Structure formats: structure tokens, C-alpha cells
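Novice: Encoded as C-alpha cells, here's the structure I'll be asking about.
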Amino acid sequence: MRLQPRERIEVQDYHEILASYDVIREVVNGITIDSTAVATVDGKKIVKKGMPMGKLANGKYAPYNPEGTDGSENPTVILKHTYDVTDGDVIAAGYEMAKVISERLPVTVDDTLKQKMPLIQFA
């Protein structure tokens with residue numbers, strides 16, 4: 001007989017990245033994450049909640065890369081959820097305008113990122 005408690009519900013992305021709900025603008029109809037632009041880690045291609053995303057020439061989005069030259073260096077959207085793109089491209093929800101908690105984002109928030117995303121307030 002097993003007497004230890006078991007996890008019944010696993011909540012994905014339990015941490016909140018928004019610092020305020022006052023001024024939020026979500027992307028209408030979502031964005032398409034280009035699975036070929038996401039690095040594979042432990043056999044999976046995961047893009048974390050809060051990741052800034054830049055638009056590529058093909059119209060799809062890739063995770064922010066400050067050294068990129070393909071469009072990923074100019075982010076315009078912050079992801080609302082975590083997405084697994086291992087099996088191909090995924091349509092994702094994101095914020096175009098919001099006030100976010102910098103410490104909870106999966107990237108280092110520096111002055112360069114702040115200048116590139118004027119509609120996002122970093123708290």
C-alpha cells in the first residue's frame with residue numbers, strides 16, 4: 001500500500017509574468033513559432049513562457065537572439081505560455097503590449113532589449 005501523497009494536477013507555467021493587468025494588448029490570431037529556429041535541448045524544442053519573439057523573413061517568429069541577423073534580434077512579442085515545437089510549427093499566444101516582471105522572463109533584460117520593445121514595460 002502506498003501512503004505517500006501524489007501530485008494529482010500538474011500546472012504548467014504557474015508563475016505569472018504580468019506585473020499589471022491594466023494595459024495589455026494580445027496578438028490577434030496568434031503568431032506562428034518557426035520550429036526550425038528553436039534549439040533542441042534533451043531531444044525537445046521548448047520555447048518558455050515570457051520569451052521575447054522576433055519576426056523572421058518568412059513571417060514566422062523565433063526566440064530573441066541579440067546577435068541574430070534574421071529578424072530574431074528585433075523582438076515584438078512576448079509569449080503568453082510555454083510551447084513545445086518539437087513536432088513542428090505551433091500557433092502561439094503573446095503580448096504586444098504589457099507590463100512584465102523582468103526576473104520571471106527566460107532572458108536577461110538589459111537596456112538593449114528594453115529599447116527594442118518600447119510597448120513592453122519591464123518592472
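Simple scheme: letters A, B, ... for chains in C-alpha cells order, numbers from 1 for residues in each chain, numbers from 1 for ligands in the order shown.
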Write out as a list in words all residues of range 45-91 of chain A that DSSP puts in strand (DSSP E or B) for this structure's backbone.
Specialist: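 Secondary structure check on range 45-91 of chain A, strand (DSSP E or B): Ile46, Val47, Pro52, Met53, Gly54, Lys55, Tyr61, Ala62, Pro63, Pro75, Thr76, Val77, Ile78, Leu79, Tyr83, Asp84, Val90 and Ile91 of chain A.
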Novice: May I have a table of the residues of range 10-84 of chain A lying at most 10 Å from range 94-100 of chain A, giving each one's closest pair of atoms and their distance in Å to one decimal, counting only C-alpha atoms, ordered by chain and ascending residue number, as a tab-separated table?
Specialist:
residue	atom	partner	partner_atom	distance
A:Glu16	CA	A:Val100	CA	8.8
A:Ile17	CA	A:Val100	CA	5.4
A:Leu18	CA	A:Val100	CA	4.3
A:Ala19	CA	A:Val100	CA	4.9
A:Ser20	CA	A:Lys99	CA	5.8
A:Tyr21	CA	A:Ala98	CA	7.9
A:Asp22	CA	A:Ala98	CA	8.4
A:Val23	CA	A:Ala98	CA	6.0
A:Ile24	CA	A:Ala98	CA	4.7
A:Arg25	CA	A:Met97	CA	4.8
A:Glu26	CA	A:Tyr95	CA	4.3
A:Val27	CA	A:Gly94	CA	5.6
A:Val28	CA	A:Gly94	CA	8.8
A:Asn29	CA	A:Gly94	CA	9.7
A:Gly30	CA	A:Gly94	CA	6.7
A:Ile31	CA	A:Gly94	CA	7.5
A:Lys49	CA	A:Gly94	CA	9.2
A:Gly50	CA	A:Val100	CA	8.5
A:Met51	CA	A:Gly94	CA	9.4
A:Pro52	CA	A:Gly94	CA	9.1
A:Met53	CA	A:Gly94	CA	9.0
A:Pro75	CA	A:Glu96	CA	9.8
A:Thr76	CA	A:Glu96	CA	6.4
A:Val77	CA	A:Glu96	CA	5.0
A:Ile78	CA	A:Tyr95	CA	5.2
A:Leu79	CA	A:Gly94	CA	4.2
A:Lys80	CA	A:Gly94	CA	4.7
A:His81	CA	A:Gly94	CA	7.7
Novice: Return as a tab-separated table the residues of range 19-54 of chain A lying at most 10 Å from range 59-67 of chain A, together with the closest atom-to-atom pair for each and the distance in Å to one decimal, counting only C-alpha atoms, with rows in chain order and ascending residue number.
Specialist:
residue	atom	partner	partner_atom	distance
A:Ile31	CA	A:Tyr61	CA	6.9
A:Thr32	CA	A:Lys60	CA	5.1
A:Ile33	CA	A:Tyr61	CA	4.8
A:Asp34	CA	A:Lys60	CA	5.5
A:Ser35	CA	A:Ala62	CA	8.0
A:Thr36	CA	A:Ala62	CA	8.8
A:Ala37	CA	A:Ala62	CA	5.7
A:Val38	CA	A:Ala62	CA	6.8
A:Ala39	CA	A:Pro63	CA	9.4
A:Val47	CA	A:Pro63	CA	7.4
A:Lys48	CA	A:Pro63	CA	9.3
A:Met51	CA	A:Pro63	CA	6.5
A:Pro52	CA	A:Tyr64	CA	5.4
A:Met53	CA	A:Pro63	CA	4.6
A:Gly54	CA	A:Tyr61	CA	5.3
Novice: So, with only C-alpha atoms as the atoms that count, which of A:Gly88, A:Asn74, A:Ile120, A:Thr112 lies closest to Ile46 in chain A?
Specialist: A:Gly88
Novice: Restricting the calculation to only C-alpha atoms: of A:Glu73, A:Asp84, A:Ser102, A:Ala92, which residue gets closest to Lys116 in chain A?
Specialist: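 Nearest candidate to Lys116 in chain A out of A:Glu73, A:Asp84, A:Ser102, A:Ala92: A:Glu73.
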Novice: Determine which residues of range 36-104 of chain A DSSP labels as helix (DSSP H, G or I) from the backbone of this structure, then write them out as a list of chain:residue names.
Specialist: A:Thr36, A:Ala37, A:Ser102, A:Glu103, A:Arg104
Novice: If you measure from CA of Leu113 in chain A to CA of Gly68 in chain A, what distance in Å do you get, rounded to one decimal?
Specialist: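 These atoms are spaced 13.1 Å apart.
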Novice: Using only C-alpha atoms, which of A:Thr86, A:Ser72, A:Asn58, A:Thr108 sits nearest Gly43 in chain A?
Specialist: A:Thr86
Novice: Calculate how many Å separate CA of Val85 in chain A from CA of Thr40 in chain A, rounding to one decimal.
Specialist: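 The value is 9.6 Å.
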